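K.L.:
What follows is the file structure-v7.pdb, containing PDB, C-alpha atoms, pLDDT in the B column:
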```
ATOM      1  CA  MET O1049      13.890  22.696   3.373  1.00 53.00           C
ATOM      2  CA  GLN O1050      14.355  21.896   7.046  1.00 59.00           C
ATOM      3  CA  ALA O1051      11.191  19.747   7.031  1.00 58.00           C
ATOM      4  CA  ILE O1052      12.453  17.776   4.012  1.00 61.00           C
ATOM      5  CA  MET O1053      15.808  17.147   5.714  1.00 68.00           C
ATOM      6  CA  ARG O1054      13.943  15.912   8.789  1.00 71.00           C
ATOM      7  CA  TYR O1055      11.819  13.621   6.610  1.00 72.00           C
ATOM      8  CA  GLU O1056      14.918  12.219   4.910  1.00 77.00           C
ATOM      9  CA  LEU O1057      16.398  11.347   8.293  1.00 82.00           C
ATOM     10  CA  VAL O1058      13.174   9.575   9.290  1.00 82.00           C
ATOM     11  CA  ILE O1059      13.122   7.680   5.982  1.00 84.00           C
ATOM     12  CA  ASN O1060      16.734   6.551   6.502  1.00 85.00           C
ATOM     13  CA  GLU O1061      15.855   5.294   9.977  1.00 88.00           C
ATOM     14  CA  ALA O1062      12.767   3.511   8.648  1.00 87.00           C
ATOM     15  CA  LEU O1063      14.799   1.822   5.903  1.00 86.00           C
ATOM     16  CA  ARG O1064      17.424   0.733   8.407  1.00 88.00           C
ATOM     17  CA  SER O1065      14.710  -0.714  10.624  1.00 88.00           C
ATOM     18  CA  ALA O1066      12.936  -2.469   7.724  1.00 88.00           C
ATOM     19  CA  LEU O1067      16.133  -4.033   6.390  1.00 86.00           C
ATOM     20  CA  MET O1068      16.653  -5.821   9.713  1.00 89.00           C
ATOM     21  CA  PHE O1069      13.946  -8.225   8.466  1.00 89.00           C
ATOM     22  CA  ASP O1070      14.428 -10.987   5.902  1.00 87.00           C
ATOM     23  CA  THR O1071      11.341 -11.104   3.689  1.00 88.00           C
ATOM     24  CA  PRO O1072       9.801  -8.276   1.637  1.00 87.00           C
ATOM     25  CA  ASP O1073       6.466  -8.689   3.469  1.00 90.00           C
ATOM     26  CA  GLU O1074       8.172  -8.267   6.844  1.00 91.00           C
ATOM     27  CA  GLN O1075      10.148  -5.302   5.524  1.00 91.00           C
ATOM     28  CA  ILE O1076       7.044  -3.549   4.215  1.00 92.00           C
ATOM     29  CA  ASN O1077       5.172  -4.139   7.472  1.00 94.00           C
ATOM     30  CA  GLU O1078       8.081  -2.768   9.502  1.00 94.00           C
ATOM     31  CA  PHE O1079       8.469   0.195   7.136  1.00 91.00           C
ATOM     32  CA  ILE O1080       4.851   1.323   7.554  1.00 92.00           C
ATOM     33  CA  ARG O1081       4.867   0.541  11.296  1.00 93.00           C
ATOM     34  CA  PHE O1082       7.858   2.842  11.716  1.00 92.00           C
ATOM     35  CA  PHE O1083       6.070   5.702   9.936  1.00 89.00           C
ATOM     36  CA  GLY O1084       2.814   5.124  11.741  1.00 89.00           C
ATOM     37  CA  LYS O1085       4.551   5.444  15.097  1.00 89.00           C
ATOM     38  CA  HIS O1086       6.616   8.425  13.940  1.00 86.00           C
ATOM     39  CA  ILE O1087       3.710  10.363  12.440  1.00 84.00           C
ATOM     40  CA  GLY O1088       1.251   9.566  15.207  1.00 87.00           C
ATOM     41  CA  CYS O1089      -1.704   8.491  13.046  1.00 91.00           C
ATOM     42  CA  ASP O1090      -4.413   5.867  13.513  1.00 95.00           C
ATOM     43  CA  ARG O1091      -3.743   3.693  10.493  1.00 96.00           C
ATOM     44  CA  ILE O1092      -1.352   3.365   7.548  1.00 95.00           C
ATOM     45  CA  TYR O1093      -2.222   1.162   4.587  1.00 96.00           C
ATOM     46  CA  ILE O1094      -1.193   0.096   1.120  1.00 96.00           C
ATOM     47  CA  PHE O1095      -3.704  -0.804  -1.584  1.00 97.00           C
ATOM     48  CA  GLU O1096      -2.695  -2.612  -4.758  1.00 95.00           C
ATOM     49  CA  ASP O1097      -4.845  -2.478  -7.875  1.00 96.00           C
ATOM     50  CA  ASN O1098      -6.007  -5.445  -9.905  1.00 95.00           C
ATOM     51  CA  LYS O1099      -6.740  -3.772 -13.234  1.00 92.00           C
ATOM     52  CA  LYS O1100      -8.171  -6.931 -14.838  1.00 94.00           C
ATOM     53  CA  LYS O1101     -10.864  -7.190 -12.161  1.00 96.00           C
ATOM     54  CA  HIS O1102     -11.097  -3.396 -11.751  1.00 95.00           C
ATOM     55  CA  VAL O1103     -10.677  -3.704  -7.976  1.00 96.00           C
ATOM     56  CA  THR O1104      -8.143  -2.590  -5.399  1.00 97.00           C
ATOM     57  CA  ASN O1105      -7.010  -4.656  -2.414  1.00 97.00           C
ATOM     58  CA  ASN O1106      -5.709  -3.607   0.987  1.00 97.00           C
ATOM     59  CA  THR O1107      -2.482  -5.662   1.111  1.00 96.00           C
ATOM     60  CA  TYR O1108      -0.682  -4.087   4.082  1.00 96.00           C
ATOM     61  CA  GLU O1109      -1.931  -2.261   7.153  1.00 97.00           C
ATOM     62  CA  TRP O1110      -0.551  -0.943  10.420  1.00 97.00           C
ATOM     63  CA  CYS O1111      -2.865   0.264  13.192  1.00 97.00           C
ATOM     64  CA  SER O1112      -2.007   2.162  16.342  1.00 95.00           C
ATOM     65  CA  LYS O1113      -2.996   0.717  19.699  1.00 94.00           C
ATOM     66  CA  GLY O1114      -6.760   0.546  20.162  1.00 93.00           C
ATOM     67  CA  ILE O1115      -7.553   1.031  16.453  1.00 95.00           C
ATOM     68  CA  GLN O1116      -9.551  -1.729  14.780  1.00 93.00           C
ATOM     69  CA  PRO O1117      -7.866  -3.274  11.693  1.00 95.00           C
ATOM     70  CA  GLU O1118      -9.878  -2.922   8.464  1.00 94.00           C
ATOM     71  CA  ILE O1119      -7.726  -4.949   6.074  1.00 96.00           C
ATOM     72  CA  ASP O1120     -10.059  -7.992   6.011  1.00 95.00           C
ATOM     73  CA  PHE O1121     -13.029  -5.838   4.966  1.00 92.00           C
ATOM     74  CA  LEU O1122     -11.154  -3.941   2.257  1.00 94.00           C
ATOM     75  CA  GLN O1123     -10.533  -6.652  -0.327  1.00 97.00           C
ATOM     76  CA  GLY O1124     -11.872  -6.454  -3.866  1.00 95.00           C
ATOM     77  CA  VAL O1125     -12.953  -2.824  -3.516  1.00 94.00           C
ATOM     78  CA  ASP O1126     -14.505  -1.604  -6.775  1.00 94.00           C
ATOM     79  CA  MET O1127     -12.222   1.138  -8.115  1.00 94.00           C
ATOM     80  CA  ASP O1128     -15.268   3.113  -9.313  1.00 92.00           C
ATOM     81  CA  ILE O1129     -16.210   3.749  -5.676  1.00 89.00           C
ATOM     82  CA  ILE O1130     -13.138   5.961  -5.279  1.00 94.00           C
ATOM     83  CA  ASP O1131     -12.803   7.024  -8.912  1.00 94.00           C
ATOM     84  CA  TRP O1132     -12.409  10.628  -7.774  1.00 96.00           C
ATOM     85  CA  TRP O1133      -9.186   9.606  -5.998  1.00 97.00           C
ATOM     86  CA  TYR O1134      -7.859   8.114  -9.228  1.00 96.00           C
ATOM     87  CA  LYS O1135      -8.805  11.274 -11.114  1.00 96.00           C
ATOM     88  CA  ALA O1136      -6.719  13.277  -8.626  1.00 96.00           C
ATOM     89  CA  PHE O1137      -3.836  10.790  -9.009  1.00 95.00           C
ATOM     90  CA  ASP O1138      -4.021  11.174 -12.819  1.00 94.00           C
ATOM     91  CA  LYS O1139      -3.531  14.917 -12.344  1.00 94.00           C
ATOM     92  CA  LYS O1140      -0.436  14.194 -10.190  1.00 90.00           C
ATOM     93  CA  GLU O1141      -2.331  15.232  -7.065  1.00 91.00           C
ATOM     94  CA  ASN O1142      -2.700  13.566  -3.688  1.00 92.00           C
ATOM     95  CA  VAL O1143      -6.033  13.224  -1.905  1.00 94.00           C
ATOM     96  CA  ILE O1144      -6.169  15.347   1.234  1.00 92.00           C
ATOM     97  CA  ILE O1145      -9.327  15.327   3.330  1.00 93.00           C
ATOM     98  CA  GLN O1146      -8.935  17.668   6.272  1.00 92.00           C
ATOM     99  CA  ASP O1147     -12.504  17.173   7.440  1.00 95.00           C
ATOM    100  CA  VAL O1148     -14.516  14.165   6.259  1.00 96.00           C
ATOM    101  CA  GLU O1149     -17.769  16.151   6.645  1.00 97.00           C
ATOM    102  CA  THR O1150     -16.764  18.258   3.616  1.00 96.00           C
ATOM    103  CA  ILE O1151     -17.172  15.263   1.255  1.00 96.00           C
ATOM    104  CA  LYS O1152     -20.545  14.100   2.606  1.00 95.00           C
ATOM    105  CA  LYS O1153     -22.583  15.645  -0.212  1.00 94.00           C
ATOM    106  CA  ASP O1154     -20.357  14.993  -3.257  1.00 94.00           C
ATOM    107  CA  HIS O1155     -18.908  11.621  -2.282  1.00 94.00           C
ATOM    108  CA  ALA O1156     -21.506   9.952  -0.067  1.00 93.00           C
ATOM    109  CA  TYR O1157     -20.206   6.373  -0.423  1.00 91.00           C
ATOM    110  CA  THR O1158     -16.638   7.352   0.475  1.00 93.00           C
ATOM    111  CA  TYR O1159     -17.961   9.463   3.327  1.00 94.00           C
ATOM    112  CA  ASN O1160     -19.999   6.563   4.768  1.00 93.00           C
ATOM    113  CA  THR O1161     -17.084   4.120   4.418  1.00 91.00           C
ATOM    114  CA  LEU O1162     -14.687   6.488   6.201  1.00 93.00           C
ATOM    115  CA  LYS O1163     -17.235   7.435   8.861  1.00 93.00           C
ATOM    116  CA  VAL O1164     -17.780   3.778   9.802  1.00 92.00           C
ATOM    117  CA  GLN O1165     -13.997   3.466  10.269  1.00 93.00           C
ATOM    118  CA  ASN O1166     -13.909   6.597  12.479  1.00 93.00           C
ATOM    119  CA  VAL O1167     -11.786   8.442   9.927  1.00 95.00           C
ATOM    120  CA  THR O1168     -12.095  12.206  10.299  1.00 95.00           C
ATOM    121  CA  ARG O1169      -9.197  13.172   7.998  1.00 93.00           C
ATOM    122  CA  LEU O1170      -6.786  11.411   5.679  1.00 93.00           C
ATOM    123  CA  VAL O1171      -3.962  11.810   3.214  1.00 92.00           C
ATOM    124  CA  VAL O1172      -3.601   9.390   0.294  1.00 93.00           C
ATOM    125  CA  CYS O1173      -0.965   9.373  -2.426  1.00 92.00           C
ATOM    126  CA  PRO O1174      -0.647   7.151  -5.498  1.00 93.00           C
ATOM    127  CA  ILE O1175       1.827   4.346  -5.945  1.00 91.00           C
ATOM    128  CA  ARG O1176       3.253   4.566  -9.446  1.00 88.00           C
ATOM    129  CA  TYR O1177       5.113   1.834 -11.276  1.00 80.00           C
ATOM    130  CA  LYS O1178       6.534   2.579 -14.742  1.00 79.00           C
ATOM    131  CA  ASP O1179       4.467   5.774 -14.825  1.00 81.00           C
ATOM    132  CA  GLU O1180       1.268   3.828 -14.208  1.00 88.00           C
ATOM    133  CA  ILE O1181      -0.795   4.053 -11.041  1.00 92.00           C
ATOM    134  CA  SER O1182      -0.764   0.619  -9.433  1.00 92.00           C
ATOM    135  CA  GLY O1183      -2.366   1.460  -6.095  1.00 94.00           C
ATOM    136  CA  PHE O1184      -2.094   3.945  -3.259  1.00 95.00           C
ATOM    137  CA  PHE O1185      -0.575   4.569   0.131  1.00 92.00           C
ATOM    138  CA  GLY O1186      -2.672   6.278   2.794  1.00 92.00           C
ATOM    139  CA  VAL O1187      -2.808   7.504   6.350  1.00 93.00           C
ATOM    140  CA  ASP O1188      -5.941   7.866   8.487  1.00 95.00           C
ATOM    141  CA  ASN O1189      -6.230  10.662  11.033  1.00 94.00           C
ATOM    142  CA  PRO O1190      -2.722  12.111  10.682  1.00 88.00           C
ATOM    143  CA  PRO O1191      -1.757  15.078  12.899  1.00 82.00           C
ATOM    144  CA  ILE O1192      -3.723  18.196  11.983  1.00 73.00           C
ATOM    145  CA  ASP O1193      -0.737  20.549  11.631  1.00 66.00           C
ATOM    146  CA  ASN O1194       0.640  20.631   8.064  1.00 61.00           C
ATOM    147  CA  HIS O1195      -0.959  18.332   5.515  1.00 59.00           C
ATOM    148  CA  SER O1196       0.885  19.807   2.524  1.00 62.00           C
ATOM    149  CA  SER O1197       4.353  19.056   3.929  1.00 67.00           C
ATOM    150  CA  LEU O1198       3.049  15.641   4.977  1.00 72.00           C
ATOM    151  CA  THR O1199       2.159  14.847   1.353  1.00 74.00           C
ATOM    152  CA  THR O1200       5.760  15.597   0.301  1.00 75.00           C
ATOM    153  CA  PHE O1201       6.841  13.093   2.934  1.00 77.00           C
ATOM    154  CA  PHE O1202       4.317  10.532   1.653  1.00 79.00           C
ATOM    155  CA  ASP O1203       5.462  10.967  -1.944  1.00 79.00           C
ATOM    156  CA  MET O1204       8.973  10.019  -0.792  1.00 78.00           C
ATOM    157  CA  ILE O1205       7.612   7.022   1.124  1.00 81.00           C
ATOM    158  CA  ALA O1206       5.489   5.872  -1.853  1.00 80.00           C
ATOM    159  CA  THR O1207       8.613   5.702  -4.027  1.00 79.00           C
ATOM    160  CA  LEU O1208      10.258   3.372  -1.521  1.00 80.00           C
ATOM    161  CA  VAL O1209       7.081   1.308  -1.138  1.00 83.00           C
ATOM    162  CA  VAL O1210       7.186   0.671  -4.910  1.00 82.00           C
ATOM    163  CA  SER O1211      10.758  -0.612  -4.521  1.00 80.00           C
ATOM    164  CA  PHE O1212       9.721  -3.020  -1.761  1.00 83.00           C
ATOM    165  CA  LEU O1213       6.748  -4.234  -3.819  1.00 84.00           C
ATOM    166  CA  LYS O1214       8.958  -4.802  -6.879  1.00 84.00           C
ATOM    167  CA  ILE O1215      11.386  -6.885  -4.798  1.00 84.00           C
ATOM    168  CA  ARG O1216       8.472  -8.874  -3.371  1.00 84.00           C
ATOM    169  CA  ASN O1217       6.993  -9.486  -6.838  1.00 82.00           C
ATOM    170  CA  SER O1218      10.379 -10.506  -8.215  1.00 84.00           C
ATOM    171  CA  GLN O1219      10.919 -13.012  -5.375  1.00 83.00           C
ATOM    172  CA  ASN O1220       7.396 -14.416  -5.810  1.00 79.00           C
ATOM    173  CA  LYS O1221       7.987 -14.826  -9.551  1.00 78.00           C
ATOM    174  CA  SER O1222      11.304 -16.620  -8.925  1.00 72.00           C
ATOM    175  CA  LYS O1223       9.642 -18.968  -6.431  1.00 68.00           C
ATOM    176  CA  GLN O1224       6.819 -19.696  -8.891  1.00 66.00           C
ATOM    177  CA  GLU O1225       9.280 -20.386 -11.708  1.00 60.00           C
ATOM    178  CA  ALA O1226      11.329 -22.674  -9.433  1.00 59.00           C
ATOM    179  CA  LYS O1227       8.137 -24.536  -8.480  1.00 55.00           C
ATOM    180  CA  LEU O1228       7.116 -24.960 -12.131  1.00 53.00           C
ATOM    181  CA  SER O1229      10.643 -26.065 -12.997  1.00 54.00           C
ATOM    182  CA  GLY O1230      10.428 -28.647 -10.198  1.00 51.00           C
ATOM    183  CA  TYR O1231       7.097 -29.949 -11.547  1.00 47.00           C
ATOM    184  CA  SER O1232       8.593 -30.116 -15.036  1.00 53.00           C
ATOM    185  CA  ALA O1233      11.586 -32.108 -13.764  1.00 48.00           C
ATOM    186  CA  LEU O1234       9.240 -34.517 -11.944  1.00 44.00           C
ATOM    187  CA  ALA O1235       7.190 -34.910 -15.104  1.00 47.00           C
ATOM    188  CA  GLN O1236      10.350 -35.739 -17.100  1.00 54.00           C
ATOM    189  CA  ILE O1237      11.380 -38.359 -14.521  1.00 43.00           C
ATOM    190  CA  TYR O1238       7.880 -39.865 -14.602  1.00 43.00           C
ATOM    191  CA  ILE O1239       7.887 -40.013 -18.420  1.00 48.00           C
ATOM    192  CA  SER O1240      11.392 -41.550 -18.450  1.00 50.00           C
ATOM    193  CA  MET O1241      10.377 -44.181 -15.906  1.00 46.00           C
ATOM    194  CA  HIS O1242       7.235 -44.927 -17.896  1.00 46.00           C
ATOM    195  CA  TYR O1243       9.215 -45.586 -21.086  1.00 51.00           C
ATOM    196  CA  ILE O1244      11.838 -47.641 -19.257  1.00 51.00           C
ATOM    197  CA  ASN O1245       9.121 -49.924 -17.873  1.00 51.00           C
ATOM    198  CA  MET O1246       7.494 -50.445 -21.276  1.00 51.00           C
TER     199      MET O1246
END
```
Here is a file; write its structure as structure tokens.

P.N.:
Amino acid sequence: MQAIMRYELVINEALRSALMFDTPDEQINEFIRFFGKHIGCDRIYIFEDNKKKHVTNNTYEWCSKGIQPEIDFLQGVDMDIIDWWYKAFDKKENVIIQDVETIKKDHAYTYNTLKVQNVTRLVVCPIRYKDEISGFFGVDNPPIDNHSSLTTFFDMIATLVVSFLKIRNSQNKSKQEAKLSGYSALAQIYISMHYINM
């Protein structure tokens, strides 16, 4: 109970910090930066799924000082590679790897990918939108202490991440519609001018 209250305070502070920025992208980046610094991990990231292409893309990433960003190399990742993560998500479970060596035999590809990134442990939780998994939120090399209470914290964060992503998507859609409306208006003017000149 005390841990949850502490997490809620941190979340409130993170929200306050994020809302100092204007755009959803800036807000999301600030939100994960705040948690990365607070938790004391190497990397925090958000992946968003493209179901049509059956891939997932690293769309946001924060790295602590001295940690190499991986976002550019983690685009269009085949979801089958980490299908065991999605199976855990389907069962309403998070993925907790306390020692990457324990997955070497059963999940060799994941093991090799994490090993190259110097990941020794991680916690990943799903991002759900309308009861559908639309991606995941993860942390590399979090503190060793209490992974189970950390997942509760991450579940809370994931809910807020979904809200930020929805706002971003809504703004992008509005901009796209405004752009199309502008093109349509230009087309009408062009057609009108064409008929006037005939």

K.L.:
Which centre and edge lengths in Å to one decimal define the box along x, y and z that fits every listed atom of stretch 1166-1175 of chain O plus 8 Å per side, as AutoDock Vina command-line options?

P.N.:
```
--center_x -6.0 --center_y 8.8 --center_z 3.3 --size_x 31.7 --size_y 24.8 --size_z 34.4
```

K.L.:
Which residue is closest to O:Leu1213? Choose from O:Ser1112, O:Ser1182, O:Thr1104, O:Thr1200 and count only C-alpha atoms.

P.N.:
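Among the listed residues, the smallest separation from O:Leu1213 belongs to O:Ser1182.
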
K.L.:
Return as an mmCIF file with C-alpha atoms, in the coordinates of the input the set of residues that the PyMOL selection byres ((chain O and resi 1078) around 12) yields on the displayed structure.

P.N.:
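Now in result02.cif:
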```cif
data_model
loop_
_atom_site.group_PDB
_atom_site.id
_atom_site.type_symbol
_atom_site.label_atom_id
_atom_site.label_comp_id
_atom_site.auth_asym_id
_atom_site.auth_seq_id
_atom_site.Cartn_x
_atom_site.Cartn_y
_atom_site.Cartn_z
ATOM 1 C CA GLU O 1061 15.855 5.294 9.977
ATOM 2 C CA ALA O 1062 12.767 3.511 8.648
ATOM 3 C CA LEU O 1063 14.799 1.822 5.903
ATOM 4 C CA ARG O 1064 17.424 0.733 8.407
ATOM 5 C CA SER O 1065 14.710 -0.714 10.624
ATOM 6 C CA ALA O 1066 12.936 -2.469 7.724
ATOM 7 C CA LEU O 1067 16.133 -4.033 6.390
ATOM 8 C CA MET O 1068 16.653 -5.821 9.713
ATOM 9 C CA PHE O 1069 13.946 -8.225 8.466
ATOM 10 C CA ASP O 1070 14.428 -10.987 5.902
ATOM 11 C CA THR O 1071 11.341 -11.104 3.689
ATOM 12 C CA PRO O 1072 9.801 -8.276 1.637
ATOM 13 C CA ASP O 1073 6.466 -8.689 3.469
ATOM 14 C CA GLU O 1074 8.172 -8.267 6.844
ATOM 15 C CA GLN O 1075 10.148 -5.302 5.524
ATOM 16 C CA ILE O 1076 7.044 -3.549 4.215
ATOM 17 C CA ASN O 1077 5.172 -4.139 7.472
ATOM 18 C CA PHE O 1079 8.469 0.195 7.136
ATOM 19 C CA ILE O 1080 4.851 1.323 7.554
ATOM 20 C CA ARG O 1081 4.867 0.541 11.296
ATOM 21 C CA PHE O 1082 7.858 2.842 11.716
ATOM 22 C CA PHE O 1083 6.070 5.702 9.936
ATOM 23 C CA GLY O 1084 2.814 5.124 11.741
ATOM 24 C CA LYS O 1085 4.551 5.444 15.097
ATOM 25 C CA ILE O 1092 -1.352 3.365 7.548
ATOM 26 C CA TYR O 1108 -0.682 -4.087 4.082
ATOM 27 C CA GLU O 1109 -1.931 -2.261 7.153
ATOM 28 C CA TRP O 1110 -0.551 -0.943 10.420
ATOM 29 C CA CYS O 1111 -2.865 0.264 13.192
ATOM 30 C CA VAL O 1209 7.081 1.308 -1.138
ATOM 31 C CA PHE O 1212 9.721 -3.020 -1.761
#
```

K.L.:
Let me make sure I understand: among O:Ile1094, O:Met1204, O:Ile1144, O:Met1127, which one has the smallest atom-to-atom distance to O:Tyr1055 if we use all atoms listed in the file?

P.N.:
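Going through O:Ile1094, O:Met1204, O:Ile1144, O:Met1127 one by one, the smallest distance to O:Tyr1055 is for O:Met1204.
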
K.L.:
Using all atoms listed in the file for the distances, tell me which of O:Val1171, O:Val1103, O:Val1058, O:Val1148 is nearest to O:Asp1131.

P.N.:
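Of O:Val1171, O:Val1103, O:Val1058, O:Val1148, the one nearest O:Asp1131, counting all atoms listed in the file, is O:Val1103.
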
K.L.:
Nearest to O:Lys1214: which of O:His1086, O:Leu1198, O:Phe1185, O:Ile1175 is it, counting all atoms listed in the file?

P.N.:
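Of the candidates, the smallest distance to O:Lys1214 is held by O:Ile1175.
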
K.L.:
Translate the PyMOL selection byres ((chain O and resi 1089) around 7), as applied to the file shown, into an explicit residue set as a PyMOL selection string.

P.N.:
chain O and resi 1084+1087-1088+1090-1091+1187-1191

K.L.:
How far is it from atom CA of O:Val1143 to atom CA of O:Val1172, in Å with one decimal?

P.N.:
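Going from atom CA of O:Val1143 over to atom CA of O:Val1172 covers 5.0 Å.
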
K.L.:
As an exercise, work out the distance from atom CA of O:Asn1217 to atom CA of O:Leu1057 in Å and give it to one decimal place.

P.N.:
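Distance reported for this atom pair: 27.4 Å.
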
K.L.:
Select, from O:Tyr1157, O:Tyr1177, O:Trp1132, O:Phe1184, the residue with the minimum atom-to-atom distance to O:Thr1107, counting all atoms listed in the file.

P.N.:
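Ranked by minimum distance to O:Thr1107, first place goes to O:Phe1184.
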
K.L.:
Take atom CA of O:Lys1113 and atom CA of O:Asp1097 and report the distance between them in Å, one decimal.

P.N.:
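One can read the atom CA of O:Lys1113 to atom CA of O:Asp1097 distance as 27.8 Å.
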
K.L.:
For a quick check of understanding, using only C-alpha atoms, which of O:Asp1147, O:Glu1180, O:Asp1154, O:Glu1056 has the smallest distance to O:Tyr1134?

P.N.:
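Result for the nearest residue to O:Tyr1134: O:Glu1180.
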
K.L.:
Apply the PyMOL selection byres ((chain O and resi 1126) around 9) to the file shown and report the selected residues as an NGL selection string.

P.N.:
:O and (1101-1104 or 1124-1125 or 1127-1130)

K.L.:
Only N, CA, C and O atoms, as a tab-separated table (two decimals), in the first residue's frame: that is what I want for stretch 1055-1072 of chain O.

P.N.:
```tsv
chain	number	residue	atom	x	y	z
O	1055	TYR	N	4.24	5.46	-5.61
O	1055	TYR	CA	4.17	5.45	-7.07
O	1055	TYR	C	3.20	6.51	-7.59
O	1055	TYR	O	3.47	7.18	-8.57
O	1056	GLU	N	2.07	6.65	-6.91
O	1056	GLU	CA	1.07	7.63	-7.33
O	1056	GLU	C	1.64	9.05	-7.25
O	1056	GLU	O	1.37	9.88	-8.12
O	1057	LEU	N	2.42	9.31	-6.23
O	1057	LEU	CA	3.06	10.62	-6.09
O	1057	LEU	C	4.03	10.88	-7.24
O	1057	LEU	O	4.06	11.96	-7.82
O	1058	VAL	N	4.80	9.84	-7.58
O	1058	VAL	CA	5.77	9.95	-8.69
O	1058	VAL	C	5.02	10.19	-9.99
O	1058	VAL	O	5.42	11.03	-10.81
O	1059	ILE	N	3.93	9.46	-10.21
O	1059	ILE	CA	3.14	9.61	-11.43
O	1059	ILE	C	2.59	11.03	-11.53
O	1059	ILE	O	2.61	11.65	-12.60
O	1060	ASN	N	2.09	11.56	-10.43
O	1060	ASN	CA	1.57	12.94	-10.42
O	1060	ASN	C	2.66	13.94	-10.81
O	1060	ASN	O	2.42	14.86	-11.58
O	1061	GLU	N	3.85	13.72	-10.26
O	1061	GLU	CA	4.98	14.61	-10.58
O	1061	GLU	C	5.36	14.49	-12.06
O	1061	GLU	O	5.65	15.48	-12.72
O	1062	ALA	N	5.35	13.26	-12.55
O	1062	ALA	CA	5.69	13.03	-13.97
O	1062	ALA	C	4.68	13.69	-14.89
O	1062	ALA	O	5.05	14.31	-15.90
O	1063	LEU	N	3.40	13.58	-14.55
O	1063	LEU	CA	2.35	14.21	-15.34
O	1063	LEU	C	2.51	15.72	-15.35
O	1063	LEU	O	2.41	16.37	-16.39
O	1064	ARG	N	2.78	16.27	-14.18
O	1064	ARG	CA	2.96	17.72	-14.05
O	1064	ARG	C	4.13	18.18	-14.94
O	1064	ARG	O	4.04	19.17	-15.64
O	1065	SER	N	5.20	17.40	-14.90
O	1065	SER	CA	6.38	17.72	-15.70
O	1065	SER	C	6.08	17.62	-17.20
O	1065	SER	O	6.47	18.48	-17.99
O	1066	ALA	N	5.38	16.55	-17.59
O	1066	ALA	CA	5.06	16.32	-19.00
O	1066	ALA	C	4.14	17.41	-19.56
O	1066	ALA	O	4.31	17.85	-20.70
O	1067	LEU	N	3.19	17.85	-18.74
O	1067	LEU	CA	2.21	18.83	-19.21
O	1067	LEU	C	2.77	20.24	-19.34
O	1067	LEU	O	2.08	21.16	-19.79
O	1068	MET	N	4.04	20.42	-18.97
O	1068	MET	CA	4.72	21.69	-19.19
O	1068	MET	C	5.06	21.86	-20.68
O	1068	MET	O	5.39	22.94	-21.13
O	1069	PHE	N	4.98	20.75	-21.43
O	1069	PHE	CA	5.31	20.77	-22.86
O	1069	PHE	C	4.04	20.88	-23.69
O	1069	PHE	O	2.96	20.54	-23.22
O	1070	ASP	N	4.19	21.33	-24.93
O	1070	ASP	CA	3.03	21.63	-25.77
O	1070	ASP	C	2.51	20.47	-26.60
O	1070	ASP	O	1.31	20.28	-26.72
O	1071	THR	N	3.41	19.71	-27.21
O	1071	THR	CA	2.96	18.67	-28.14
O	1071	THR	C	2.94	17.30	-27.46
O	1071	THR	O	3.70	17.06	-26.52
O	1072	PRO	N	2.07	16.39	-27.94
O	1072	PRO	CA	2.03	15.04	-27.36
O	1072	PRO	C	3.38	14.32	-27.41
O	1072	PRO	O	3.75	13.64	-26.46
```
